[in-house]
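Shown here: final.txt, compact mmCIF, C-alpha atoms.
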# COMPACT_ATOMS: atom_id res chain seq x y z
CA MET F 119 130.98 133.59 76.60
CA SER F 120 129.97 133.36 72.93
CA LYS F 121 126.95 131.41 71.76
CA TYR F 122 129.27 128.57 70.68
CA TYR F 123 131.23 126.27 72.97
CA GLN F 124 133.68 125.35 70.19
CA PRO F 125 133.15 127.97 67.46
CA GLU F 126 135.92 126.74 65.16
CA ILE F 127 134.19 123.34 64.93
CA GLU F 128 130.53 124.36 65.15
CA THR F 129 130.90 126.92 62.32
CA MET F 130 133.41 124.97 60.22
CA PRO F 131 132.80 125.27 56.45
CA VAL F 132 130.92 122.21 55.19
CA ASP F 133 133.65 121.11 52.77
CA GLN F 134 136.22 121.11 55.59
CA LEU F 135 133.78 119.32 57.89
CA GLN F 136 133.18 116.58 55.33
CA ALA F 137 136.91 116.21 54.72
CA LEU F 138 137.36 115.71 58.48
CA GLN F 139 134.54 113.14 58.48
CA SER F 140 136.19 111.23 55.63
CA GLU F 141 139.54 111.14 57.40
CA ARG F 142 137.95 109.93 60.63
CA LEU F 143 135.70 107.38 58.90
CA VAL F 144 138.67 105.68 57.21
CA ALA F 145 140.46 105.39 60.55
CA GLN F 146 137.34 104.19 62.37
CA VAL F 147 136.55 101.45 59.86
CA LYS F 148 140.09 100.10 60.19
CA HIS F 149 139.80 100.31 63.99
CA VAL F 150 136.64 98.20 64.17
CA TYR F 151 137.78 95.74 61.49
CA ASP F 152 141.04 95.09 63.33
CA ASN F 153 139.57 94.93 66.84
CA VAL F 154 135.98 93.63 66.66
CA GLU F 155 135.33 90.15 65.27
CA PHE F 156 131.64 90.96 64.76
CA TYR F 157 132.41 93.90 62.46
CA ARG F 158 135.10 91.94 60.65
CA ASN F 159 132.66 89.11 59.91
CA LYS F 160 129.89 91.53 58.83
CA MET F 161 132.22 93.34 56.45
CA ASP F 162 133.65 90.10 55.06
CA GLU F 163 130.11 88.83 54.41
CA ALA F 164 129.35 92.08 52.57
CA GLY F 165 132.57 91.80 50.57
CA VAL F 166 134.01 95.03 51.98
CA LYS F 167 137.55 95.61 53.26
CA PRO F 168 138.85 98.67 55.11
CA GLU F 169 140.89 99.66 52.04
CA ASP F 170 137.62 99.98 50.07
CA ILE F 171 136.57 102.93 52.26
CA HIS F 172 138.26 106.13 51.06
CA GLY F 173 135.80 108.63 52.55
CA ILE F 174 132.17 109.39 53.33
CA GLU F 175 131.24 108.73 49.71
CA ASP F 176 131.88 105.02 50.40
CA LEU F 177 129.85 104.81 53.60
CA HIS F 178 126.95 103.12 51.77
CA LEU F 179 129.17 100.08 51.10
CA LEU F 180 129.25 99.17 54.78
CA PRO F 181 126.58 96.90 56.32
CA PHE F 182 124.01 98.14 58.82
CA ILE F 183 123.86 97.02 62.42
CA THR F 184 120.74 96.91 64.59
CA LYS F 185 119.72 96.75 68.22
CA ASP F 186 119.26 92.99 67.82
CA ASP F 187 122.95 92.74 66.91
CA LEU F 188 123.84 94.62 70.08
CA LYS F 189 121.73 92.29 72.19
CA GLU F 190 123.24 89.20 70.57
CA GLN F 191 126.76 90.52 71.25
CA TYR F 192 125.97 91.35 74.90
CA PRO F 193 127.98 92.17 76.89
CA TYR F 194 131.48 92.44 75.37
CA GLY F 195 131.09 91.32 71.75
CA LEU F 196 131.30 94.83 70.27
CA LEU F 197 134.05 96.14 72.52
CA ALA F 198 136.80 97.71 70.37
CA LYS F 199 139.27 98.50 73.17
CA PRO F 200 140.69 96.31 75.97
CA LEU F 201 138.49 96.31 79.04
CA LYS F 202 141.35 97.82 81.05
CA ASP F 203 141.06 100.98 78.89
CA CYS F 204 137.35 101.41 79.67
CA VAL F 205 136.34 103.56 82.63
CA ARG F 206 132.51 103.45 82.47
CA MET F 207 129.50 101.70 81.03
CA HIS F 208 125.87 102.70 80.58
CA SER F 209 122.77 100.81 79.59
CA THR F 210 119.41 101.47 77.98
CA SER F 211 116.23 101.78 80.04
CA GLY F 212 114.65 98.61 78.62
CA THR F 213 113.29 96.18 81.19
CA THR F 214 112.88 92.96 79.19
CA GLY F 215 115.39 90.63 77.57
CA ARG F 216 119.05 91.44 77.15
CA ARG F 217 119.84 95.07 77.71
CA VAL F 218 121.92 97.16 75.37
CA VAL F 219 125.15 98.22 77.06
CA ALA F 220 127.77 100.73 75.95
CA PHE F 221 131.34 101.24 77.12
CA TYR F 222 133.47 104.39 77.31
CA THR F 223 137.14 105.21 77.54
CA GLN F 224 138.04 108.47 79.26
CA HIS F 225 138.54 109.97 75.81
CA ASP F 226 134.99 108.91 74.86
CA ILE F 227 133.58 110.59 77.96
CA ASP F 228 135.53 113.80 77.33
CA LEU F 229 134.16 114.07 73.78
CA TRP F 230 130.63 113.19 74.89
CA GLU F 231 130.70 115.91 77.54
CA GLU F 232 131.95 118.42 74.96
CA CYS F 233 128.93 117.60 72.79
CA CYS F 234 126.62 118.23 75.76
CA ALA F 235 128.48 121.46 76.54
CA ARG F 236 127.73 122.66 73.00
CA ALA F 237 124.02 122.02 73.66
CA ILE F 238 124.07 123.96 76.94
CA VAL F 239 125.83 126.96 75.40
CA ALA F 240 123.40 126.88 72.45
CA ALA F 241 120.57 127.20 74.99
CA GLY F 242 122.22 130.30 76.45
CA GLY F 243 124.24 128.59 79.18
CA THR F 244 127.36 130.24 80.63
CA ASN F 245 129.60 129.77 83.64
CA GLU F 246 127.22 132.03 85.57
CA ASP F 247 124.28 129.63 85.25
CA VAL F 248 122.87 127.10 87.70
CA CYS F 249 122.16 123.91 85.76
CA HIS F 250 119.46 121.78 87.39
CA VAL F 251 119.86 118.20 86.11
CA ALA F 252 116.71 116.16 86.77
CA TYR F 253 117.46 113.36 84.32
CA GLY F 254 118.01 109.99 85.92
CA TYR F 255 121.55 109.13 86.95
CA GLY F 256 123.06 105.65 87.19
CA LEU F 257 122.87 103.33 84.16
CA PHE F 258 120.80 105.87 82.21
CA THR F 259 122.97 108.21 80.10
CA GLY F 260 120.81 111.32 80.56
CA GLY F 261 122.06 112.55 83.92
CA ALA F 262 125.73 111.72 83.39
CA GLY F 263 126.04 113.33 79.95
CA VAL F 264 124.38 116.65 80.70
CA HIS F 265 126.07 116.77 84.13
CA GLY F 266 129.48 116.48 82.48
CA GLY F 267 128.55 119.05 79.85
CA ALA F 268 127.48 121.53 82.52
CA HIS F 269 130.85 121.09 84.21
CA LYS F 270 132.66 121.79 80.93
CA VAL F 271 130.71 125.05 80.55
CA GLY F 272 131.43 125.97 84.17
CA CYS F 273 127.85 125.99 85.44
CA LEU F 274 127.03 125.35 89.07
CA THR F 275 125.58 121.86 88.52
CA LEU F 276 122.79 120.44 90.67
CA PRO F 277 122.79 116.61 90.30
CA MET F 278 119.14 116.30 91.34
CA SER F 279 118.30 113.12 89.40
CA SER F 280 114.61 112.37 88.83
CA GLY F 281 111.80 112.23 91.38
CA ASN F 282 111.00 113.94 94.69
CA THR F 283 109.25 116.88 93.06
CA GLU F 284 108.92 118.85 96.30
CA ARG F 285 112.68 118.80 96.73
CA GLN F 286 113.19 119.70 93.06
CA LEU F 287 111.04 122.81 93.45
CA GLN F 288 112.66 123.76 96.76
CA PHE F 289 116.18 123.61 95.36
CA MET F 290 115.04 125.34 92.19
CA MET F 291 113.90 128.32 94.26
CA ASP F 292 116.59 128.31 96.94
CA LEU F 293 119.57 127.89 94.60
CA GLY F 294 118.18 129.94 91.72
CA SER F 295 118.25 127.28 89.01
CA THR F 296 118.40 128.91 85.58
CA ILE F 297 118.60 125.89 83.22
CA LEU F 298 116.43 122.81 83.71
CA CYS F 299 117.44 119.48 82.14
CA CYS F 300 115.00 116.55 82.23
CA THR F 301 112.53 114.57 80.12
CA PRO F 302 109.76 116.67 78.55
CA SER F 303 107.07 114.71 80.40
CA TYR F 304 108.73 115.52 83.73
CA ALA F 305 109.14 119.15 82.70
CA ALA F 306 105.40 119.23 81.98
CA TYR F 307 104.72 117.76 85.43
CA LEU F 308 107.02 120.31 87.08
CA GLY F 309 105.22 123.08 85.17
CA GLU F 310 101.89 121.76 86.39
CA SER F 311 103.20 121.66 89.97
CA VAL F 312 104.59 125.21 89.69
CA SER F 313 101.24 126.50 88.44
CA GLU F 314 99.29 124.76 91.22
CA ARG F 315 101.54 126.23 93.91
CA GLY F 316 101.76 129.70 92.37
CA LEU F 317 105.55 129.55 92.27
CA ARG F 318 106.19 130.94 88.80
CA ASP F 319 107.41 134.33 90.06
CA LYS F 320 109.80 132.66 92.51
CA LEU F 321 111.74 130.84 89.79
CA LYS F 322 114.77 132.13 87.89
CA LEU F 323 114.57 129.57 85.11
CA LYS F 324 115.36 130.89 81.63
CA ALA F 325 115.83 127.73 79.58
CA GLY F 326 115.16 124.02 79.54
CA ILE F 327 117.00 121.22 77.70
CA PHE F 328 114.63 118.30 77.25
CA GLY F 329 115.10 114.92 75.60
CA ALA F 330 115.05 111.12 76.00
CA GLU F 331 111.50 110.81 74.68
CA ALA F 332 109.38 112.11 71.83
CA TRP F 333 107.50 115.37 72.35
CA THR F 334 105.47 117.64 70.15
CA GLU F 335 105.62 121.36 69.39
CA GLU F 336 102.34 121.70 71.26
CA MET F 337 103.95 120.17 74.35
CA ARG F 338 106.91 122.54 73.95
CA HIS F 339 104.63 125.58 74.00
CA ASN F 340 102.82 124.24 77.06
CA ILE F 341 106.10 123.77 78.97
CA GLU F 342 107.39 127.18 77.94
CA GLU F 343 104.20 128.82 79.16
CA THR F 344 103.98 127.06 82.54
CA LEU F 345 107.68 127.42 83.41
CA GLY F 346 108.35 130.76 81.72
CA ILE F 347 111.32 129.45 79.74
CA LYS F 348 112.57 128.73 76.25
CA ALA F 349 112.51 124.94 75.76
CA TYR F 350 115.27 123.32 73.69
CA ASP F 351 115.35 119.80 72.30
CA ILE F 352 118.36 117.51 72.72
CA TYR F 353 118.77 114.10 71.10
CA GLY F 354 120.90 111.08 71.76
CA LEU F 355 120.83 107.39 72.44
CA THR F 356 122.92 105.10 74.59
CA GLU F 357 124.16 103.13 71.60
CA ILE F 358 125.74 106.25 70.08
CA SER F 359 126.90 107.93 73.34
CA GLY F 360 123.90 109.49 75.08
CA PRO F 361 122.39 112.99 74.97
CA GLY F 362 124.28 115.50 72.86
CA VAL F 363 124.36 113.67 69.55
CA SER F 364 122.33 116.64 68.33
CA PHE F 365 120.78 119.74 69.89
CA GLU F 366 118.66 122.80 69.12
CA CYS F 367 119.96 126.34 68.78
CA GLU F 368 117.99 129.54 69.32
CA GLU F 369 116.21 129.07 65.98
CA GLN F 370 114.43 125.98 67.42
CA ASN F 371 114.00 124.58 63.94
CA GLY F 372 115.73 121.23 64.03
CA MET F 373 118.69 119.87 65.99
CA HIS F 374 122.28 120.34 64.80
CA ILE F 375 124.07 116.99 64.65
CA ASN F 376 127.64 117.08 65.95
CA GLU F 377 129.02 116.03 62.58
CA ASP F 378 132.65 116.02 63.62
CA HIS F 379 131.74 113.00 65.76
CA PHE F 380 128.74 111.42 63.98
CA ILE F 381 127.70 110.87 60.36
CA ALA F 382 123.93 110.85 59.86
CA GLU F 383 122.06 109.17 57.02
CA VAL F 384 118.36 108.76 56.33
CA ILE F 385 117.28 105.52 54.67
CA ASP F 386 114.13 103.87 53.42
CA PRO F 387 113.32 101.58 56.38
CA ASN F 388 112.06 98.85 54.07
CA THR F 389 114.81 98.77 51.42
CA GLY F 390 117.80 100.30 53.24
CA LYS F 391 118.33 102.70 50.34
CA VAL F 392 119.95 106.01 51.32
CA LEU F 393 117.49 108.86 50.75
CA PRO F 394 118.40 112.38 49.63
CA GLU F 395 118.42 115.32 52.02
CA GLY F 396 114.90 116.55 52.75
CA GLU F 397 113.19 113.16 52.51
CA ARG F 398 111.60 111.44 55.46
CA GLY F 399 113.10 108.12 56.54
CA GLU F 400 114.92 106.15 59.21
CA LEU F 401 117.90 107.78 60.88
CA VAL F 402 121.24 105.91 60.75
CA PHE F 403 124.37 106.96 62.65
CA THR F 404 128.07 106.18 62.32
CA CYS F 405 130.40 107.12 65.18
CA LEU F 406 133.64 108.71 64.01
CA THR F 407 135.55 109.28 67.25
CA LYS F 408 134.31 106.72 69.79
CA GLU F 409 137.03 104.32 70.87
CA ALA F 410 135.46 101.67 73.10
CA PHE F 411 132.04 101.08 71.52
CA PRO F 412 131.84 102.64 68.05
CA MET F 413 128.68 102.09 66.02
CA ILE F 414 128.99 101.83 62.23
CA ARG F 415 125.74 102.50 60.31
CA TYR F 416 123.53 101.88 63.33
CA ARG F 417 119.81 101.86 62.53
CA THR F 418 118.14 103.96 65.22
CA ARG F 419 114.55 103.20 64.07
CA ASP F 420 113.78 106.91 64.59
CA ILE F 421 112.02 108.56 61.66
CA CYS F 422 113.20 112.06 60.75
CA ILE F 423 114.27 114.45 57.99
CA LEU F 424 117.76 115.93 57.51
CA SER F 425 118.41 119.46 56.25
CA ARG F 426 121.54 121.43 55.53
CA LYS F 427 119.60 124.63 54.96
CA LYS F 428 121.55 127.61 56.29
CA CYS F 429 120.76 128.32 59.95
CA SER F 430 120.55 131.83 61.39
CA CYS F 431 122.64 130.74 64.39
CA GLY F 432 125.71 130.37 62.16
CA ARG F 433 126.26 126.67 62.83
CA THR F 434 127.08 124.67 59.72
CA HIS F 435 126.34 121.18 61.02
CA ILE F 436 123.36 119.44 59.42
CA ARG F 437 120.03 119.53 61.27
CA MET F 438 117.57 116.75 61.99
CA THR F 439 113.90 117.21 62.80
CA LYS F 440 112.46 115.96 66.04
CA PRO F 441 111.83 112.22 65.64
CA LEU F 442 108.56 111.99 63.74
CA GLY F 443 107.83 108.50 65.04
CA ARG F 444 109.62 105.17 65.10
CA SER F 445 109.72 102.49 62.48
CA ASP F 446 109.58 99.81 65.17
CA ASP F 447 106.93 101.10 67.60
CA MET F 448 104.52 102.55 65.11
CA MET F 449 101.20 100.79 65.70
CA VAL F 450 99.05 99.45 62.91
CA VAL F 451 95.45 99.68 64.11
CA LYS F 452 92.59 98.73 61.79
CA GLY F 453 95.13 98.82 58.93
CA VAL F 454 96.18 102.41 59.69
CA ASN F 455 99.62 103.58 60.88
CA VAL F 456 99.21 105.29 64.26
CA PHE F 457 101.92 107.23 66.11
CA PRO F 458 101.37 108.34 69.73
CA SER F 459 102.64 111.82 68.78
CA GLN F 460 99.56 112.24 66.57
CA ILE F 461 97.30 111.59 69.55
CA GLU F 462 99.25 114.05 71.70
CA THR F 463 99.08 116.76 69.05
CA VAL F 464 95.27 116.54 68.90
CA LEU F 465 94.88 116.59 72.70
CA LEU F 466 97.13 119.61 73.19
CA ASN F 467 95.50 121.46 70.31
CA GLU F 468 92.13 120.87 71.97
CA GLY F 469 93.41 122.29 75.28
CA TYR F 470 93.94 119.06 77.21
CA PRO F 471 96.98 118.34 79.40
CA ALA F 472 99.69 116.00 78.03
CA ASN F 473 98.53 113.21 80.32
CA TYR F 474 96.88 110.32 78.52
CA GLU F 475 96.91 106.55 78.05
CA LEU F 476 96.41 104.85 74.70
CA ILE F 477 94.91 101.37 75.02
CA VAL F 478 94.86 99.07 71.99
CA ASP F 479 93.13 95.68 72.08
CA ARG F 480 91.67 93.05 69.77
CA VAL F 481 88.11 91.85 70.29
CA ASN F 482 86.61 89.17 68.04
CA ASN F 483 89.53 89.59 65.61
CA SER F 484 88.89 93.33 65.32
CA ASP F 485 91.20 96.04 66.66
CA THR F 486 89.91 98.49 69.24
CA ILE F 487 91.61 101.73 70.24
CA GLU F 488 90.74 103.90 73.22
CA VAL F 489 92.42 106.91 74.75
CA ASN F 490 92.00 107.86 78.39
CA VAL F 491 92.38 111.63 78.68
CA GLU F 492 92.70 113.79 81.75
CA MET F 493 90.73 117.01 81.87
CA SER F 494 92.29 120.19 83.14
CA LEU F 495 90.94 121.54 86.42
CA ASP F 496 89.11 124.34 84.56
CA MET F 497 87.41 121.84 82.26
CA PHE F 498 86.45 119.61 85.16
CA ASN F 499 84.81 122.49 87.01
CA ASP F 500 83.08 123.89 83.93
CA LEU F 501 79.56 122.42 84.08
CA LYS F 502 78.39 124.33 80.99
CA VAL F 503 79.87 121.67 78.71
CA SER F 504 79.07 118.01 79.34
CA ASP F 505 81.68 115.24 79.25
CA ALA F 506 79.72 113.65 76.41
CA GLU F 507 80.07 116.81 74.31
CA ARG F 508 83.79 117.03 75.01
CA GLU F 509 84.29 113.36 74.15
CA LYS F 510 82.34 113.72 70.91
CA LYS F 511 84.51 116.67 69.87
CA LEU F 512 87.71 114.78 70.63
CA VAL F 513 86.53 111.69 68.75
CA ALA F 514 85.93 113.88 65.69
CA ALA F 515 89.33 115.60 65.94
CA LEU F 516 91.15 112.28 66.32
CA LYS F 517 89.33 110.84 63.32
CA VAL F 518 90.47 113.79 61.20
CA MET F 519 94.06 113.19 62.30
CA LEU F 520 94.16 109.38 62.08
CA GLY F 521 91.41 108.44 59.67
CA ILE F 522 89.89 105.95 62.12
CA LYS F 523 87.52 106.22 65.08
CA VAL F 524 89.14 106.33 68.50
CA ASP F 525 87.02 105.86 71.60
CA VAL F 526 87.62 108.59 74.18
CA LYS F 527 87.19 108.40 77.93
CA LEU F 528 87.59 111.62 79.91
CA LEU F 529 89.01 111.39 83.41
CA PRO F 530 89.20 113.84 86.33
CA PRO F 531 92.47 115.75 86.88
CA LYS F 532 95.34 113.71 88.41
CA SER F 533 93.74 110.38 87.45
CA ILE F 534 96.74 109.16 85.45
CA ALA F 535 100.01 108.47 87.24
CA ARG F 536 102.68 111.10 86.58
CA SER F 537 106.07 110.14 85.20
CA GLU F 538 109.37 111.29 86.67
CA GLY F 539 111.27 109.75 83.77
CA LYS F 540 110.10 108.46 80.41
CA ALA F 541 106.31 108.41 80.26
CA VAL F 542 104.55 105.14 79.40
CA ARG F 543 101.69 106.12 77.10
CA ILE F 544 100.82 102.93 75.19
CA ILE F 545 99.16 99.78 76.50
CA ASP F 546 98.87 97.25 73.67
CA LYS F 547 96.90 94.21 74.83
CA ARG F 548 96.85 92.44 71.48
CA ASN F 549 99.93 90.25 72.15
CA LEU F 550 100.65 90.35 68.43
CA PHE F 551 104.15 88.91 68.69
CA LYS F 552 103.47 86.00 71.03
CA ASN F 553 103.09 82.48 69.70

Any chance you could put this one into structure tokens?
Amino acid sequence: MSKYYQPEIETMPVDQLQALQSERLVAQVKHVYDNVEFYRNKMDEAGVKPEDIHGIEDLHLLPFITKDDLKEQYPYGLLAKPLKDCVRMHSTSGTTGRRVVAFYTQHDIDLWEECCARAIVAAGGTNEDVCHVAYGYGLFTGGAGVHGGAHKVGCLTLPMSSGNTERQLQFMMDLGSTILCCTPSYAAYLGESVSERGLRDKLKLKAGIFGAEAWTEEMRHNIEETLGIKAYDIYGLTEISGPGVSFECEEQNGMHINEDHFIAEVIDPNTGKVLPEGERGELVFTCLTKEAFPMIRYRTRDICILSRKKCSCGRTHIRMTKPLGRSDDMMVVKGVNVFPSQIETVLLNEGYPANYELIVDRVNNSDTIEVNVEMSLDMFNDLKVSDAEREKKLVAALKVMLGIKVDVKLLPPKSIARSEGKAVRIIDKRNLFKN
């Protein structure tokens, strides 16, 4: 099998790709205007009619939609096909308020699974591989999307779901898993467990496809070292379809967006102005081929940079960086913008495991910020360096990164609960948005 799942699409010349996008955008705008009252009202308010959209050059005329819009239209307000044509729904992992739900026709699922198949082949997957899917199944899109993609490629697919690490490792060894798919935090935990048990030589893993949460290059290198694999990033969100919106190739220098299905823009999060390629801003997606639940100019709140620089893999689809933070969960502490990824970068650079808790509070009208950090077993047993010395060094490194002082508390190994899904890193006790 070649390194492309659909070579004629993945290597399509950019001018042909953009012509295809224009054709599909015109049809999609008419589809949502005719079938979704919410979109029709939004476009009418903006003074835009379907006949005003002639191609991708007119995309900026259309209004944005946000997660709040999705919650207000819960459950069926954004449905663009009759319910009888829908065969599945998924939901986000949020636990408070109205959830975001998404609906799929069989056609939607087929295209979604093709996108995931492209990601698996880009990571070296073939019909001779054993694909070990440890994303959650059920309402979460992670398990279902990659599972379907693995089937398209022809892999033997292990629908492990998340949790039960002992069983994960047992099946990994017994069935010879070669591709691991899960969240990066769970991959890090599996790597830690493999190292503790001395199982590295008993594994046949060659690649991992990790997504659903932010992770740093430092965390990637840690996972690659402990599991003996090449770790690939995959990106997606329930609102757009799920994993497979974009994926890394062997160059591991940004994720190719499946542009035949999705148009990506980067905007200034404050003004909504579309930014030129290469500038950092908020990622916005428009779905070109989804039937049941198409998103038009959906603001993801993820911060990234787009690049159409030629890729050595031969794919022509534009690349996005890993999310560099989020415009909605960035913390402002002592007047400074703080992203959890900055904390993680410092810890991993200083040799600490990727297990930490960031606690933000407000005492006497002044912000406080503290990070609880696990030591590795080697650090814990090394009595030559005191905890106070280690903490002092970390405080200094964090101040260089953030520009503010962060209190550090070192903890023994295994002190912080491990995550088998998305890791919860931030505890903000300030209650800033409560009346």

Got a sec: who's within 8 Å of Ser209 of chain F, counting only C-alpha atoms, leaving out chain neighbours fewer than 4 positions off, as a short mmCIF file (atom, residue, chain, number, x, y, z; two decimals) with C-alpha atoms, in the frame of the given file?
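Ended up saving to result31.cif:
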data_model
loop_
_atom_site.label_atom_id
_atom_site.label_comp_id
_atom_site.auth_asym_id
_atom_site.auth_seq_id
_atom_site.Cartn_x
_atom_site.Cartn_y
_atom_site.Cartn_z
CA ARG F 217 119.84 95.07 77.71
CA VAL F 218 121.92 97.16 75.37
CA VAL F 219 125.15 98.22 77.06
CA ALA F 220 127.77 100.73 75.95
CA LEU F 257 122.87 103.33 84.16
CA PHE F 258 120.80 105.87 82.21
CA THR F 259 122.97 108.21 80.10
CA THR F 356 122.92 105.10 74.59
#

| task | Quote the spacing between atom CA of Cys273 of chain F and atom CA of Asp378 of chain F in Å to one decimal place. | result | 24.5 Å

| request: Name the residues within 12 Å of (125.6, 113.0, 76.3), counting all atoms listed in the file in the file's coordinates, and put them as an NGL selection string. | output: :F and (208 or 222 or 226-238 or 253 or 258-268 or 299 or 327 or 329-330 or 352-365 or 376)

Can I get the residues of segment 411-430 of chain F within 9 Å of segment 176-192 of chain F, each with the closest pair of atoms and their distance in Å to one decimal, using only C-alpha atoms, sorted chain first then ascending number, as CSV?
residue,atom,partner,partner_atom,distance
F:Met413,CA,F:Ile183,CA,7.9
F:Ile414,CA,F:Ile183,CA,7.0
F:Arg415,CA,F:Phe182,CA,4.9
F:Tyr416,CA,F:Ile183,CA,5.0
F:Arg417,CA,F:Thr184,CA,5.4
F:Thr418,CA,F:Thr184,CA,7.5
F:Arg419,CA,F:Thr184,CA,8.8

| request: With a distance cut-off of 8 Å and only C-alpha atoms, select the neighbouring residues of segment 278-295 of chain F, excluding the residue or stretch itself and same-chain residues fewer than 5 positions from it, and output the selection as a ChimeraX atom specification. | output: /F:247-255,261,300,308,312,320-323,538-539

Grab the residues selected above and save them as a compact mmCIF listing (two decimals), in the frame of the given file with C-alpha atoms.
# COMPACT_ATOMS: atom_id res chain seq x y z
CA ASP F 247 124.28 129.63 85.25
CA VAL F 248 122.87 127.10 87.70
CA CYS F 249 122.16 123.91 85.76
CA HIS F 250 119.46 121.78 87.39
CA VAL F 251 119.86 118.20 86.11
CA ALA F 252 116.71 116.16 86.77
CA TYR F 253 117.46 113.36 84.32
CA GLY F 254 118.01 109.99 85.92
CA TYR F 255 121.55 109.13 86.95
CA GLY F 261 122.06 112.55 83.92
CA CYS F 300 115.00 116.55 82.23
CA LEU F 308 107.02 120.31 87.08
CA VAL F 312 104.59 125.21 89.69
CA LYS F 320 109.80 132.66 92.51
CA LEU F 321 111.74 130.84 89.79
CA LYS F 322 114.77 132.13 87.89
CA LEU F 323 114.57 129.57 85.11
CA GLU F 538 109.37 111.29 86.67
CA GLY F 539 111.27 109.75 83.77

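A straight line drawn from atom CA of Leu495 of chain F to atom CA of Phe328 of chain F is 25.6 Å long.
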
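Of the residues under consideration (F:Arg318, F:Lys452, F:Lys517, F:Lys502), F:Lys452 shows the shortest atom-to-atom contact distance to Asp485 of chain F when counting all atoms listed in the file.
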
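Interatomic distance, atom CA of Arg206 of chain F to atom CA of Ser303 of chain F: 27.9 Å.
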
| Minimum-distance residue to Lys160 of chain F, chosen among F:Val392, F:Leu476, F:Ala382, F:Val147 (using all atoms listed in the file) | F:Val147

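In this comparison, which uses only C-alpha atoms, the residue of F:Ala145, F:Ile544, F:Leu406, F:Leu442 approaching Tyr474 of chain F most closely is F:Ile544.
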
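Considering only C-alpha atoms, the residue among F:Val205, F:Ile545, F:Val271, F:Leu197 positioned nearest to Phe156 of chain F is F:Leu197.
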